[in-house]
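First the structure, in the form of structure tokens, and then the observations on it.
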Amino acid sequence: MRAVTLDSVPATPAVTEVDTPRPEAGELLVKVAVSSINGFDAATAAGYLQGMMEHRFPLVVGKDFAGTVEALGEGVDGFEVGQAVFGVVMKPFLGTGSLAEHVTVSAGYGVAPLPDGLSVQEAGALGLAGTAALDSLNFVAPADGETVLISGATGGVGALAVQLAAARGARVIATARPGAEADFVAGLTGTPVHLVDFAGDLPTEVRAFAPGGVDAVRKSTTCRTRSQRLPAAEDLETARQL
Ligand SMILES: NC(=O)c1ccc[n+]([C@@H]2O[C@H](COP(=O)([O-])OP(=O)(O)OC[C@H]3O[C@@H](n4cnc5c(N)ncnc54)[C@H](OP(=O)(O)O)[C@@H]3O)[C@@H](O)[C@H]2O)c1
């Protein structure tokens with residue numbers, strides 16, 4: 001099959017021919033209709049994950065996928081051949097990714113039937129960023145009417161977090177640069193999103209909308225180093241200070 005592969009890292013991925021994977025016990029073989037490029041894939045190619053996860057070369061990159069079940073490994077229940085599915089490759093090693101004509105995934109996690117109303121194109125870009133957004137929203141658990149500041153709202157995770165927070169009835173403050181970025185975020189939901197410019201005086205802009213402070217901060221910015229990430233507890237403290 002054709003796949004986007006790496007023979008080493010750091011390196012530029014290339015389209016090559018590799019063996020089509022076979023589903024092991026408990027796995028599905030999925031014929032991939034749509035996949036997408038996540039920051040995780042770029043990090044893999046850049047060599048940032050060396051020492052963190054086993055790399056199996058030729059390494060097929062790709063996390064997200066949508067497609068149809070083509071074969072069932074031994075002992076798989078709950079899925080059938082021909083069924084439309086989507087998800088995320090969640091193996092504990094790198095090598096059998098989804099930017100390929102086929103991918104094998106565990107039937108037990110990281111894959112779900114394609115729900116009505118979700119296009120295969122949307123589903124093929126939803127898995128990893130979507131679960132990150134959902135997990136973070138579940139963590140801050142905004143109640144109806146509470147105010148949530150979402151940083152990085154134009155990004156893959158942030159744009160989904162804005163929609164999830166609004167759907168839960170939260171008052172959303174979102175960071176976006178003025179112009180096309182702000183217009184994009186404003187159009188994400190059917191409800192008003194209060195936009196603030198992270199390159200400006202962010203605390204003042206936030207207080208103008210939420211004089212009493214916000215209830216939670218959902219931070220989804222791209223950081224240069226891990227040490228720049230704020231742990232959740234610090235995020236909540238930041239929220240109180242704002
Ligand atoms: N994507 C995933 O599936 C995923 C999953 C788990 C965890 N993560 C992590 O989540 C974070 C965001 O990932 P992503 O894929 O959403 O990244 P992304 O698409 O590159 O988005 C990054 C966002 O951060 C904004 N930003 C940059 N500098 C900022 C600043 N100083 N203050 C506020 N916002 C700033 C960007 O705005 P501009 O566009 O205006 O620059 C953009 O909205 C990363 O740390 C990533 O490792 C991502």
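Following the order of the structure tokens, chains are lettered A, B, ..., residues in each are numbered from 1, and ligands are numbered from 1.
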Contacts of ligand 1, 8 Å or closer, only C-alpha atoms and all ligand atoms, given as a PDB file with N, CA and C atoms, in the first residue's frame:
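As a result, result-v4.pdb now contains:
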```pdb
ATOM      1  N   ASN A  38      -1.497  16.197  11.988  1.00  0.00           N
ATOM      2  CA  ASN A  38      -1.573  16.791  13.319  1.00  0.00           C
ATOM      3  C   ASN A  38      -0.177  17.290  13.700  1.00  0.00           C
ATOM      4  N   GLY A  39      -0.144  18.206  14.663  1.00  0.00           N
ATOM      5  CA  GLY A  39       1.150  18.648  15.173  1.00  0.00           C
ATOM      6  C   GLY A  39       1.993  17.490  15.672  1.00  0.00           C
ATOM      7  N   PHE A  40       1.333  16.451  16.155  1.00  0.00           N
ATOM      8  CA  PHE A  40       2.039  15.259  16.625  1.00  0.00           C
ATOM      9  C   PHE A  40       2.876  14.644  15.500  1.00  0.00           C
ATOM     10  N   GLY A 127     -10.240  13.245  15.517  1.00  0.00           N
ATOM     11  CA  GLY A 127      -9.929  12.359  16.636  1.00  0.00           C
ATOM     12  C   GLY A 127      -9.027  12.938  17.701  1.00  0.00           C
ATOM     13  N   LEU A 128      -7.798  13.257  17.350  1.00  0.00           N
ATOM     14  CA  LEU A 128      -6.831  13.638  18.376  1.00  0.00           C
ATOM     15  C   LEU A 128      -7.135  15.009  18.965  1.00  0.00           C
ATOM     16  N   ALA A 129      -7.333  15.998  18.118  1.00  0.00           N
ATOM     17  CA  ALA A 129      -7.643  17.333  18.630  1.00  0.00           C
ATOM     18  C   ALA A 129      -8.992  17.330  19.346  1.00  0.00           C
ATOM     19  N   GLY A 130      -9.929  16.546  18.826  1.00  0.00           N
ATOM     20  CA  GLY A 130     -11.255  16.506  19.433  1.00  0.00           C
ATOM     21  C   GLY A 130     -11.240  15.907  20.826  1.00  0.00           C
ATOM     22  N   THR A 131     -10.494  14.819  20.999  1.00  0.00           N
ATOM     23  CA  THR A 131     -10.447  14.215  22.334  1.00  0.00           C
ATOM     24  C   THR A 131      -9.667  15.114  23.301  1.00  0.00           C
ATOM     25  N   ALA A 132      -8.646  15.804  22.788  1.00  0.00           N
ATOM     26  CA  ALA A 132      -7.911  16.738  23.657  1.00  0.00           C
ATOM     27  C   ALA A 132      -8.838  17.863  24.117  1.00  0.00           C
ATOM     28  N   ALA A 133      -9.624  18.381  23.187  1.00  0.00           N
ATOM     29  CA  ALA A 133     -10.557  19.454  23.542  1.00  0.00           C
ATOM     30  C   ALA A 133     -11.621  18.955  24.517  1.00  0.00           C
ATOM     31  N   SER A 151      -7.674  30.020  25.490  1.00  0.00           N
ATOM     32  CA  SER A 151      -6.478  30.557  24.860  1.00  0.00           C
ATOM     33  C   SER A 151      -6.081  29.651  23.700  1.00  0.00           C
ATOM     34  N   GLY A 152      -5.677  30.245  22.586  1.00  0.00           N
ATOM     35  CA  GLY A 152      -5.329  29.420  21.415  1.00  0.00           C
ATOM     36  C   GLY A 152      -6.554  29.014  20.629  1.00  0.00           C
ATOM     37  N   ALA A 153      -7.550  29.893  20.556  1.00  0.00           N
ATOM     38  CA  ALA A 153      -8.852  29.512  19.983  1.00  0.00           C
ATOM     39  C   ALA A 153      -8.824  29.330  18.473  1.00  0.00           C
ATOM     40  N   THR A 154      -7.796  29.811  17.788  1.00  0.00           N
ATOM     41  CA  THR A 154      -7.740  29.559  16.341  1.00  0.00           C
ATOM     42  C   THR A 154      -7.102  28.202  16.039  1.00  0.00           C
ATOM     43  N   GLY A 155      -6.562  27.554  17.049  1.00  0.00           N
ATOM     44  CA  GLY A 155      -5.814  26.316  16.823  1.00  0.00           C
ATOM     45  C   GLY A 155      -6.704  25.092  16.705  1.00  0.00           C
ATOM     46  N   GLY A 156      -6.068  23.966  16.404  1.00  0.00           N
ATOM     47  CA  GLY A 156      -6.805  22.721  16.220  1.00  0.00           C
ATOM     48  C   GLY A 156      -7.613  22.340  17.441  1.00  0.00           C
ATOM     49  N   VAL A 157      -7.008  22.410  18.616  1.00  0.00           N
ATOM     50  CA  VAL A 157      -7.710  22.039  19.842  1.00  0.00           C
ATOM     51  C   VAL A 157      -8.630  23.172  20.291  1.00  0.00           C
ATOM     52  N   GLY A 158      -8.097  24.397  20.270  1.00  0.00           N
ATOM     53  CA  GLY A 158      -8.851  25.537  20.794  1.00  0.00           C
ATOM     54  C   GLY A 158     -10.158  25.777  20.049  1.00  0.00           C
ATOM     55  N   ALA A 159     -10.141  25.622  18.728  1.00  0.00           N
ATOM     56  CA  ALA A 159     -11.358  25.885  17.945  1.00  0.00           C
ATOM     57  C   ALA A 159     -12.458  24.889  18.306  1.00  0.00           C
ATOM     58  N   THR A 175      -9.095  33.851  22.773  1.00  0.00           N
ATOM     59  CA  THR A 175      -7.994  34.664  22.266  1.00  0.00           C
ATOM     60  C   THR A 175      -7.846  34.453  20.759  1.00  0.00           C
ATOM     61  N   ALA A 176      -7.712  35.561  20.033  1.00  0.00           N
ATOM     62  CA  ALA A 176      -7.453  35.509  18.588  1.00  0.00           C
ATOM     63  C   ALA A 176      -6.931  36.864  18.156  1.00  0.00           C
ATOM     64  N   ARG A 177      -6.004  36.848  17.226  1.00  0.00           N
ATOM     65  CA  ARG A 177      -5.522  38.128  16.687  1.00  0.00           C
ATOM     66  C   ARG A 177      -6.649  38.785  15.905  1.00  0.00           C
ATOM     67  N   GLU A 181      -8.240  35.838  11.879  1.00  0.00           N
ATOM     68  CA  GLU A 181      -8.262  34.886  12.998  1.00  0.00           C
ATOM     69  C   GLU A 181      -9.494  35.120  13.873  1.00  0.00           C
ATOM     70  N   PHE A 198      -4.476  38.184  22.193  1.00  0.00           N
ATOM     71  CA  PHE A 198      -3.434  37.753  23.134  1.00  0.00           C
ATOM     72  C   PHE A 198      -2.153  38.564  22.995  1.00  0.00           C
ATOM     73  N   ALA A 199      -2.014  39.271  21.848  1.00  0.00           N
ATOM     74  CA  ALA A 199      -0.820  40.101  21.666  1.00  0.00           C
ATOM     75  C   ALA A 199      -1.002  41.485  22.301  1.00  0.00           C
ATOM     76  N   LYS A 219      -6.213  26.419  28.292  1.00  0.00           N
ATOM     77  CA  LYS A 219      -5.040  26.911  27.565  1.00  0.00           C
ATOM     78  C   LYS A 219      -4.673  25.920  26.474  1.00  0.00           C
ATOM     79  N   SER A 220      -4.595  26.412  25.244  1.00  0.00           N
ATOM     80  CA  SER A 220      -4.294  25.513  24.124  1.00  0.00           C
ATOM     81  C   SER A 220      -3.367  26.198  23.149  1.00  0.00           C
ATOM     82  N   THR A 221      -2.269  26.686  23.662  1.00  0.00           N
ATOM     83  CA  THR A 221      -1.330  27.360  22.783  1.00  0.00           C
ATOM     84  C   THR A 221      -0.188  26.424  22.438  1.00  0.00           C
ATOM     85  N   THR A 222       0.492  26.743  21.371  1.00  0.00           N
ATOM     86  CA  THR A 222       1.662  25.966  20.993  1.00  0.00           C
ATOM     87  C   THR A 222       2.848  26.511  21.771  1.00  0.00           C
ATOM     88  N   CYS A 223       3.467  25.655  22.555  1.00  0.00           N
ATOM     89  CA  CYS A 223       4.579  26.100  23.398  1.00  0.00           C
ATOM     90  C   CYS A 223       5.889  25.585  22.816  1.00  0.00           C
ATOM     91  N   ARG A 229       4.629  25.008  29.580  1.00  0.00           N
ATOM     92  CA  ARG A 229       3.218  24.672  29.765  1.00  0.00           C
ATOM     93  C   ARG A 229       2.810  24.898  31.217  1.00  0.00           C
TER      94      ARG A 229
END
```
**Prompt:** Which of region 24-217 of chain A counts as strand (DSSP E) under DSSP, as a ChimeraX atom specification please?
**Reply:** /A:27-35,54-60,64-72,84-88,93-96,102-106,111-113,147-151,171-175,194-196,216-217
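Among the candidates A:Pro211, A:Gly200, A:Pro178, A:Gly26, the residue lying nearest to Asp77 (chain A) is A:Gly26 (atoms considered: only C-alpha atoms).
Distance check against Gly78 (chain A) using only C-alpha atoms: of A:Met1, A:Ala107, A:Ala66, A:Leu59, the minimum falls on A:Ala107.
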**Request:** Find the residues around Met53 (chain A) up to 12 Å (only C-alpha atoms counted), leave out those fewer than 6 positions away in its own chain, and share them as a ChimeraX atom specification.
**Result:** /A:44,47,90-95
With N, CA and C atoms retained, export the selected residues as a compact mmCIF listing (two decimals), in the first residue's frame.
```txt
# COMPACT_ATOMS: atom_id res chain seq x y z
N THR A 44 6.84 14.16 15.30
CA THR A 44 7.49 12.87 15.02
C THR A 44 8.57 13.04 13.96
N GLY A 47 11.71 14.61 14.98
CA GLY A 47 12.55 13.85 15.90
C GLY A 47 12.31 14.18 17.37
N MET A 90 -3.66 4.79 18.55
CA MET A 90 -3.25 4.97 19.96
C MET A 90 -2.23 3.92 20.40
N LYS A 91 -1.42 3.43 19.48
CA LYS A 91 -0.48 2.37 19.86
C LYS A 91 0.66 2.95 20.70
N PRO A 92 1.27 2.10 21.53
CA PRO A 92 2.33 2.61 22.41
C PRO A 92 3.68 2.75 21.69
N PHE A 93 3.69 2.58 20.37
CA PHE A 93 4.89 2.79 19.58
C PHE A 93 4.51 3.57 18.32
N LEU A 94 5.50 4.11 17.63
CA LEU A 94 5.25 4.84 16.39
C LEU A 94 5.67 3.98 15.22
N GLY A 95 4.81 3.87 14.19
CA GLY A 95 5.20 3.07 13.05
C GLY A 95 4.05 2.66 12.17
```
Within 10 Å of region 62-65 of chain A, which residues of region 115-217 of chain A come that close, and what is the closest atom pair and distance in Å for each? Count only C-alpha atoms and give it as a Markdown table.
```
| residue | atom | partner | partner_atom | distance |
| --- | --- | --- | --- | --- |
| A:Val120 | CA | A:Phe65 | CA | 9.0 |
| A:Gln121 | CA | A:Phe65 | CA | 9.4 |
| A:Glu122 | CA | A:Phe65 | CA | 9.9 |
| A:Ala123 | CA | A:Phe65 | CA | 7.3 |
| A:Gly124 | CA | A:Phe65 | CA | 4.6 |
| A:Ala125 | CA | A:Asp64 | CA | 6.0 |
| A:Leu126 | CA | A:Asp64 | CA | 7.0 |
| A:Gly127 | CA | A:Asp64 | CA | 5.5 |
| A:Leu128 | CA | A:Asp64 | CA | 6.3 |
| A:Ala129 | CA | A:Asp64 | CA | 9.0 |
```
Write out the residues from the selection above, keeping N, CA and C atoms, as a PDB file, in the first residue's frame.
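Here's the written file result.pdb:
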```pdb
ATOM      1  N   VAL A 120     -17.308  12.214   6.626  1.00  0.00           N
ATOM      2  CA  VAL A 120     -16.053  11.471   6.722  1.00  0.00           C
ATOM      3  C   VAL A 120     -14.861  12.439   6.667  1.00  0.00           C
ATOM      4  N   GLN A 121     -15.013  13.543   5.956  1.00  0.00           N
ATOM      5  CA  GLN A 121     -13.935  14.537   5.897  1.00  0.00           C
ATOM      6  C   GLN A 121     -13.714  15.174   7.270  1.00  0.00           C
ATOM      7  N   GLU A 122     -14.801  15.540   7.936  1.00  0.00           N
ATOM      8  CA  GLU A 122     -14.672  16.124   9.280  1.00  0.00           C
ATOM      9  C   GLU A 122     -14.115  15.095  10.260  1.00  0.00           C
ATOM     10  N   ALA A 123     -14.618  13.875  10.158  1.00  0.00           N
ATOM     11  CA  ALA A 123     -14.197  12.834  11.101  1.00  0.00           C
ATOM     12  C   ALA A 123     -12.710  12.529  10.976  1.00  0.00           C
ATOM     13  N   GLY A 124     -12.176  12.657   9.767  1.00  0.00           N
ATOM     14  CA  GLY A 124     -10.776  12.339   9.542  1.00  0.00           C
ATOM     15  C   GLY A 124      -9.809  13.367  10.120  1.00  0.00           C
ATOM     16  N   ALA A 125     -10.343  14.451  10.652  1.00  0.00           N
ATOM     17  CA  ALA A 125      -9.489  15.456  11.290  1.00  0.00           C
ATOM     18  C   ALA A 125      -9.891  15.702  12.736  1.00  0.00           C
ATOM     19  N   LEU A 126     -10.790  14.865  13.245  1.00  0.00           N
ATOM     20  CA  LEU A 126     -11.392  15.167  14.547  1.00  0.00           C
ATOM     21  C   LEU A 126     -10.756  14.435  15.725  1.00  0.00           C
ATOM     22  N   GLY A 127     -10.240  13.245  15.517  1.00  0.00           N
ATOM     23  CA  GLY A 127      -9.929  12.359  16.636  1.00  0.00           C
ATOM     24  C   GLY A 127      -9.027  12.938  17.701  1.00  0.00           C
ATOM     25  N   LEU A 128      -7.798  13.257  17.350  1.00  0.00           N
ATOM     26  CA  LEU A 128      -6.831  13.638  18.376  1.00  0.00           C
ATOM     27  C   LEU A 128      -7.135  15.009  18.965  1.00  0.00           C
ATOM     28  N   ALA A 129      -7.333  15.998  18.118  1.00  0.00           N
ATOM     29  CA  ALA A 129      -7.643  17.333  18.630  1.00  0.00           C
ATOM     30  C   ALA A 129      -8.992  17.330  19.346  1.00  0.00           C
TER      31      ALA A 129
END
```
**Request:** Tell me, in Å to one decimal, how far CA of Ala11 (chain A) is from CA of Ala42 (chain A).
**Result:** 10.0 Å
**Message:** Please report the interatomic distance between CA of Ala170 (chain A) and CA of Pro192 (chain A) in Å with one decimal.
**Reply:**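 Separation of CA of Ala170 (chain A) and CA of Pro192 (chain A): 10.6 Å.
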**Asked** To one decimal place, how far is CA of Arg168 (chain A) from CA of Leu149 (chain A) in Å?
**Response**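 Atom-to-atom, CA of Arg168 (chain A) to CA of Leu149 (chain A), that is 14.0 Å.
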**Message:** Calculated over only C-alpha atoms, which of the candidates A:Leu188, A:Ala180, A:Val140, A:Ala43 has the smallest distance to Asp215 (chain A)?
**Reply:**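 With only C-alpha atoms as the atom set, the closest residue is A:Val140.
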**Request:** Run DSSP on the backbone of this structure and report the residues of chain A it assigns to alpha helix (DSSP H), as JSON, numbers by chain.
**Result:** {"A": [39, 40, 41, 42, 43, 44, 45, 120, 121, 122, 123, 127, 128, 129, 130, 131, 132, 133, 134, 135, 136, 137, 138, 139, 140, 156, 157, 158, 159, 160, 161, 162, 163, 164, 165, 166, 167, 180, 181, 182, 183, 184, 185, 186, 202, 203, 204, 205, 206, 207, 208, 209, 232, 233, 234, 235, 236, 237, 238, 239, 240, 241]}
**Prompt:** If you count only C-alpha atoms, which residues fall within 10 Å of Ala100 (chain A), apart from same-chain ones fewer than 3 positions away, as a count of residues only?
**Reply:** 22
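The protein and nucleic acid residues lying at most 9 Å from Ala45 (chain A) are Leu6, Ser8, Val9, Pro10, Ala11, Thr12, Pro13 and Val61 of chain A, with only C-alpha atoms considered and sequence neighbours fewer than 6 positions away removed.
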Residues as selected, C-alpha atoms, written as a short mmCIF file (atom, residue, chain, number, x, y, z; two decimals), in the first residue's frame, can you do that?
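And here's again.cif as it stands now:
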```
data_model
loop_
_atom_site.label_atom_id
_atom_site.label_comp_id
_atom_site.auth_asym_id
_atom_site.auth_seq_id
_atom_site.Cartn_x
_atom_site.Cartn_y
_atom_site.Cartn_z
CA LEU A 6 9.92 8.12 7.56
CA SER A 8 14.72 7.93 10.15
CA VAL A 9 14.12 11.02 12.25
CA PRO A 10 14.49 13.90 11.93
CA ALA A 11 13.59 13.66 8.25
CA THR A 12 11.08 14.81 5.66
CA PRO A 13 8.28 12.26 5.20
CA VAL A 61 3.02 8.69 10.27
#
```
**Prompt:** Which one is closest to Val85 (chain A): A:Ala14, A:Leu134, A:Leu28, A:Ala141? Count only C-alpha atoms.
**Reply:**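 Between A:Ala14, A:Leu134, A:Leu28, A:Ala141, the residue approaching Val85 (chain A) most closely is A:Leu28.
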**Request:** May I ask which of the residues A:Phe57, A:Tyr109, A:Phe209, A:Phe184 is the closest one to Thr147 (chain A), counting only C-alpha atoms?
**Result:** A:Phe209
**Item:** Residue with smallest distance to Ala174 (chain A) - pool A:Glu205, A:Asp116, A:Asp144, A:Asp41, counting only C-alpha atoms
**Value:** A:Glu205
